[in-house]
Amino acid sequence: MSENDKKPFYKKWWFWLIVIIILLFALFGGGDEEDQPQDTDTGTEDAQNNEDEAGENETDTGDEGAEEEEPAEESNTRDNASAEETTLNAGKFEVGTDIPVGRYVITGDGMGNLFVYDEDGLPVVNEILDSSTEMGVSSVTTDLEDGQEIEISGLDAVKFTPAETKISNKLSAGSWEVGLDIEPGRYDASTPSGMGNFVVYNDMGLPSTNEILDATGDMGVTKVTVTLEEGQQISISGLNEVNFEAK
């Protein structure tokens, strides 16, 4: 054996080379591994904070938009765009063919009869039109629906004028709706002159009030107290004017 082979292993050059490599790895390699998790955690926290701030900004923006948007108020009116001013003479006519569908104020020149029949042949309007108001009413306000039949007798000219919707405490002969033509409430209903029928229908289409109003009190009542609710229908016939006094 040579002299080198007899040296202890810790005195050999390759042993110290291995030791130096291990020390270098422990000093520099281990330090990098300890620093890496710290950098990763910091980045994650920053990203989370950015996401939270963005979420708060989006929520605030949505709340501001919701506060700015307000529901549109429903207009207290009817759609009567289809109605057109029309004049008819004596005879029979069909709604939708001879006159457009719509809500009309109907007046006559002279005195005669006006009938409007529904599709079952039942009269929904039965009035004497009289421009002098001595024997009948000067006007009728009503809705004409598709397929209804109009019958005119004794009159050369009956004028159909598109009706405007407005709230009033004075209603004439015709059909009216609570909430569109008169405010809901409790009223005393009476007529200044003449005699005729006054009917209020409930939401089931049944008459909740059915009276003959008579200014003299000879053939009917001079006054009736009613509670009018939104959507109820009022029918007035034979009377030029019914006054509603709030209670």
# chains A, B, ... in the order shown; residues from 1 in each chain; ligands from 1
>>> residues_around(residues="range 122-132 of chain A", least_positions_apart="3", cutoff="9 Å", atoms="only C-alpha atoms", output="MDAnalysis selection string")
chainID A and resid 106:119 135:140 142 155 173:174 237:238
>>> write_last_selection(atoms="C-alpha atoms", output="compact mmCIF listing (two decimals), in the first residue's frame")
# COMPACT_ATOMS: atom_id res chain seq x y z
CA ILE A 106 -122.55 61.27 -28.10
CA THR A 107 -124.82 64.22 -28.96
CA GLY A 108 -127.75 64.67 -31.35
CA ASP A 109 -129.28 67.52 -33.34
CA GLY A 110 -132.95 67.48 -32.31
CA MET A 111 -134.65 64.65 -30.42
CA GLY A 112 -134.58 60.90 -31.04
CA ASN A 113 -133.60 57.49 -29.73
CA LEU A 114 -130.12 56.06 -29.28
CA PHE A 115 -129.51 52.36 -28.60
CA VAL A 116 -126.24 50.46 -28.29
CA TYR A 117 -126.49 46.65 -28.18
CA ASP A 118 -123.81 44.23 -27.06
CA GLU A 119 -122.93 41.04 -28.98
CA MET A 135 -137.58 65.16 -22.86
CA GLY A 136 -134.18 63.50 -22.67
CA VAL A 137 -130.46 64.01 -22.14
CA SER A 138 -128.19 66.30 -24.11
CA SER A 139 -125.30 63.78 -24.21
CA VAL A 140 -124.23 60.23 -23.41
CA THR A 142 -119.77 55.64 -23.09
CA LEU A 155 -132.31 61.95 -35.70
CA ALA A 173 -125.59 60.21 -18.52
CA GLY A 174 -123.26 57.35 -19.46
CA SER A 237 -129.27 57.12 -17.47
CA GLY A 238 -132.05 59.68 -18.01
>>> residues_around(residues="Val221 in chain A", least_positions_apart="4", cutoff="8 Å", atoms="only C-alpha atoms", output="ChimeraX atom specification")
/A:211-215,217
>>> write_last_selection(atoms="N, CA and C atoms", output="compact mmCIF listing (two decimals), in the first residue's frame")
# COMPACT_ATOMS: atom_id res chain seq x y z
N GLU A 211 -130.68 52.97 -7.61
CA GLU A 211 -131.71 53.90 -7.17
C GLU A 211 -132.24 54.73 -8.34
N ILE A 212 -133.49 55.17 -8.19
CA ILE A 212 -134.04 56.20 -9.07
C ILE A 212 -133.83 57.54 -8.36
N LEU A 213 -133.02 58.39 -8.98
CA LEU A 213 -132.80 59.73 -8.43
C LEU A 213 -133.84 60.67 -9.05
N ASP A 214 -134.52 61.42 -8.21
CA ASP A 214 -135.57 62.34 -8.65
C ASP A 214 -135.42 63.64 -7.88
N ALA A 215 -135.21 64.72 -8.61
CA ALA A 215 -135.00 66.01 -7.95
C ALA A 215 -136.20 66.43 -7.11
N GLY A 217 -138.39 64.21 -5.73
CA GLY A 217 -138.68 63.21 -4.71
C GLY A 217 -140.00 62.51 -4.89
>>> residues_around(residues="range 178-195 of chain A", least_positions_apart="3", cutoff="10 Å", atoms="only C-alpha atoms", output="PyMOL selection string")
chain A and resi 75-78+133-137+164-172+175+198+200+212-234+237-247
>>> closest_residue(among="A:Gln148, A:Thr87, A:Ser153, A:Asn210", to="Val101 in chain A", atoms="only C-alpha atoms")
A:Gln148
>>> atom_distance(atom1="CA of Ile99 in chain A", atom2="CA of Thr161 in chain A")
11.0 Å
>>> residues_around(residues="Leu88 in chain A", least_positions_apart="3", cutoff="9 Å", atoms="only C-alpha atoms", output="list in words")
Gly91, Phe93, Asp98, Ile99, Ile152, Asp156, Ala157, Val158, Lys159 and Phe160 of chain A
>>> atom_distance(atom1="CA of Val105 in chain A", atom2="CA of Ala90 in chain A")
17.4 Å
>>> atom_distance(atom1="CA of Gly96 in chain A", atom2="CA of Glu145 in chain A")
7.6 Å
>>> select_by_dssp(residues="range 42-237 of chain A", states="strand (DSSP E)", output="ChimeraX atom specification")
/A:86-88,91-94,102-108,111-117,123-130,140-144,149-153,158-162,170-171,174-177,185-190,195-201,207-214,224-228,233-237
>>> decode(residues="range 83-216 of chain A", atoms="C-alpha atoms", output="short mmCIF file (atom, residue, chain, number, x, y, z; two decimals), in the first residue's frame")
data_model
loop_
_atom_site.label_atom_id
_atom_site.label_comp_id
_atom_site.auth_asym_id
_atom_site.auth_seq_id
_atom_site.Cartn_x
_atom_site.Cartn_y
_atom_site.Cartn_z
CA ALA A 83 -111.47 56.90 -31.27
CA GLU A 84 -112.22 59.22 -34.23
CA GLU A 85 -114.84 61.94 -34.53
CA THR A 86 -117.72 60.48 -36.51
CA THR A 87 -121.25 61.59 -37.48
CA LEU A 88 -123.96 59.01 -38.16
CA ASN A 89 -127.55 59.45 -39.38
CA ALA A 90 -130.62 57.37 -38.57
CA GLY A 91 -130.08 53.64 -39.07
CA LYS A 92 -128.11 50.68 -37.74
CA PHE A 93 -124.33 50.63 -37.56
CA GLU A 94 -121.58 48.31 -36.33
CA VAL A 95 -118.72 49.38 -34.08
CA GLY A 96 -115.40 48.53 -35.70
CA THR A 97 -116.88 48.88 -39.20
CA ASP A 98 -118.87 52.13 -39.31
CA ILE A 99 -117.16 53.81 -36.35
CA PRO A 100 -113.83 52.99 -34.64
CA VAL A 101 -113.70 51.43 -31.21
CA GLY A 102 -113.27 54.02 -28.45
CA ARG A 103 -114.83 56.16 -25.76
CA TYR A 104 -117.16 58.88 -27.03
CA VAL A 105 -119.39 61.77 -26.00
CA ILE A 106 -122.55 61.27 -28.10
CA THR A 107 -124.82 64.22 -28.96
CA GLY A 108 -127.75 64.67 -31.35
CA ASP A 109 -129.28 67.52 -33.34
CA GLY A 110 -132.95 67.48 -32.31
CA MET A 111 -134.65 64.65 -30.42
CA GLY A 112 -134.58 60.90 -31.04
CA ASN A 113 -133.60 57.49 -29.73
CA LEU A 114 -130.12 56.06 -29.28
CA PHE A 115 -129.51 52.36 -28.60
CA VAL A 116 -126.24 50.46 -28.29
CA TYR A 117 -126.49 46.65 -28.18
CA ASP A 118 -123.81 44.23 -27.06
CA GLU A 119 -122.93 41.04 -28.98
CA ASP A 120 -125.76 39.19 -27.20
CA GLY A 121 -128.29 41.75 -28.42
CA LEU A 122 -128.81 43.31 -24.99
CA PRO A 123 -129.02 47.14 -24.76
CA VAL A 124 -126.10 48.72 -22.92
CA VAL A 125 -127.30 52.23 -23.88
CA ASN A 126 -130.97 53.20 -24.12
CA GLU A 127 -131.45 56.96 -24.17
CA ILE A 128 -133.56 59.73 -25.65
CA LEU A 129 -131.16 62.29 -27.06
CA ASP A 130 -132.66 65.78 -26.90
CA SER A 131 -130.63 68.89 -27.63
CA SER A 132 -133.26 70.98 -25.79
CA THR A 133 -133.08 68.63 -22.72
CA GLU A 134 -136.87 68.86 -22.31
CA MET A 135 -137.58 65.16 -22.86
CA GLY A 136 -134.18 63.50 -22.67
CA VAL A 137 -130.46 64.01 -22.14
CA SER A 138 -128.19 66.30 -24.11
CA SER A 139 -125.30 63.78 -24.21
CA VAL A 140 -124.23 60.23 -23.41
CA THR A 141 -120.63 59.30 -22.60
CA THR A 142 -119.77 55.64 -23.09
CA ASP A 143 -117.28 53.08 -24.42
CA LEU A 144 -118.06 51.54 -27.81
CA GLU A 145 -116.60 48.05 -28.19
CA ASP A 146 -115.85 46.02 -31.29
CA GLY A 147 -118.90 44.20 -32.64
CA GLN A 148 -121.52 46.26 -30.80
CA GLU A 149 -124.49 47.54 -32.81
CA ILE A 150 -125.70 51.16 -32.77
CA GLU A 151 -129.31 52.01 -33.60
CA ILE A 152 -130.40 55.62 -34.22
CA SER A 153 -133.97 56.73 -34.86
CA GLY A 154 -135.63 60.15 -35.18
CA LEU A 155 -132.31 61.95 -35.70
CA ASP A 156 -130.63 63.05 -38.91
CA ALA A 157 -127.25 63.59 -37.32
CA VAL A 158 -125.66 62.06 -34.22
CA LYS A 159 -122.13 63.20 -33.44
CA PHE A 160 -119.56 60.93 -31.75
CA THR A 161 -116.70 62.96 -30.24
CA PRO A 162 -113.66 61.21 -28.62
CA ALA A 163 -114.00 61.63 -24.85
CA GLU A 164 -111.31 63.09 -22.63
CA THR A 165 -110.65 61.48 -19.25
CA LYS A 166 -110.68 63.82 -16.25
CA ILE A 167 -111.62 63.65 -12.58
CA SER A 168 -114.89 65.39 -11.71
CA ASN A 169 -117.58 65.45 -9.03
CA LYS A 170 -120.25 66.04 -11.68
CA LEU A 171 -121.12 63.18 -14.04
CA SER A 172 -123.71 63.06 -16.84
CA ALA A 173 -125.59 60.21 -18.52
CA GLY A 174 -123.26 57.35 -19.46
CA SER A 175 -120.78 54.89 -17.96
CA TRP A 176 -117.97 55.92 -15.63
CA GLU A 177 -115.14 54.35 -13.63
CA VAL A 178 -114.12 55.22 -10.08
CA GLY A 179 -110.48 56.30 -10.03
CA LEU A 180 -110.58 57.60 -13.61
CA ASP A 181 -113.68 59.80 -13.72
CA ILE A 182 -114.25 60.42 -9.99
CA GLU A 183 -112.04 59.96 -6.95
CA PRO A 184 -112.75 57.05 -4.58
CA GLY A 185 -114.53 58.18 -1.41
CA ARG A 186 -117.83 58.53 0.40
CA TYR A 187 -120.39 60.83 -1.23
CA ASP A 188 -123.96 62.07 -1.24
CA ALA A 189 -125.19 61.69 -4.85
CA SER A 190 -128.11 63.84 -6.08
CA THR A 191 -129.46 65.46 -9.26
CA PRO A 192 -130.42 69.13 -9.67
CA SER A 193 -133.25 68.32 -12.08
CA GLY A 194 -135.11 65.49 -13.74
CA MET A 195 -135.43 61.82 -12.90
CA GLY A 196 -133.34 58.82 -13.89
CA ASN A 197 -131.43 55.71 -12.87
CA PHE A 198 -128.26 55.67 -10.79
CA VAL A 199 -126.40 52.34 -10.46
CA VAL A 200 -123.00 51.48 -8.92
CA TYR A 201 -121.52 48.05 -9.70
CA ASN A 202 -119.09 46.23 -7.42
CA ASP A 203 -115.97 44.36 -8.58
CA MET A 204 -118.12 41.29 -9.28
CA GLY A 205 -120.25 43.25 -11.78
CA LEU A 206 -123.26 43.20 -9.47
CA PRO A 207 -125.17 46.36 -8.48
CA SER A 208 -124.26 47.50 -4.97
CA THR A 209 -126.42 50.64 -5.38
CA ASN A 210 -129.49 50.84 -7.63
CA GLU A 211 -131.71 53.90 -7.17
CA ILE A 212 -134.04 56.20 -9.07
CA LEU A 213 -132.80 59.73 -8.43
CA ASP A 214 -135.57 62.34 -8.65
CA ALA A 215 -135.00 66.01 -7.95
CA THR A 216 -138.62 66.39 -6.77
#
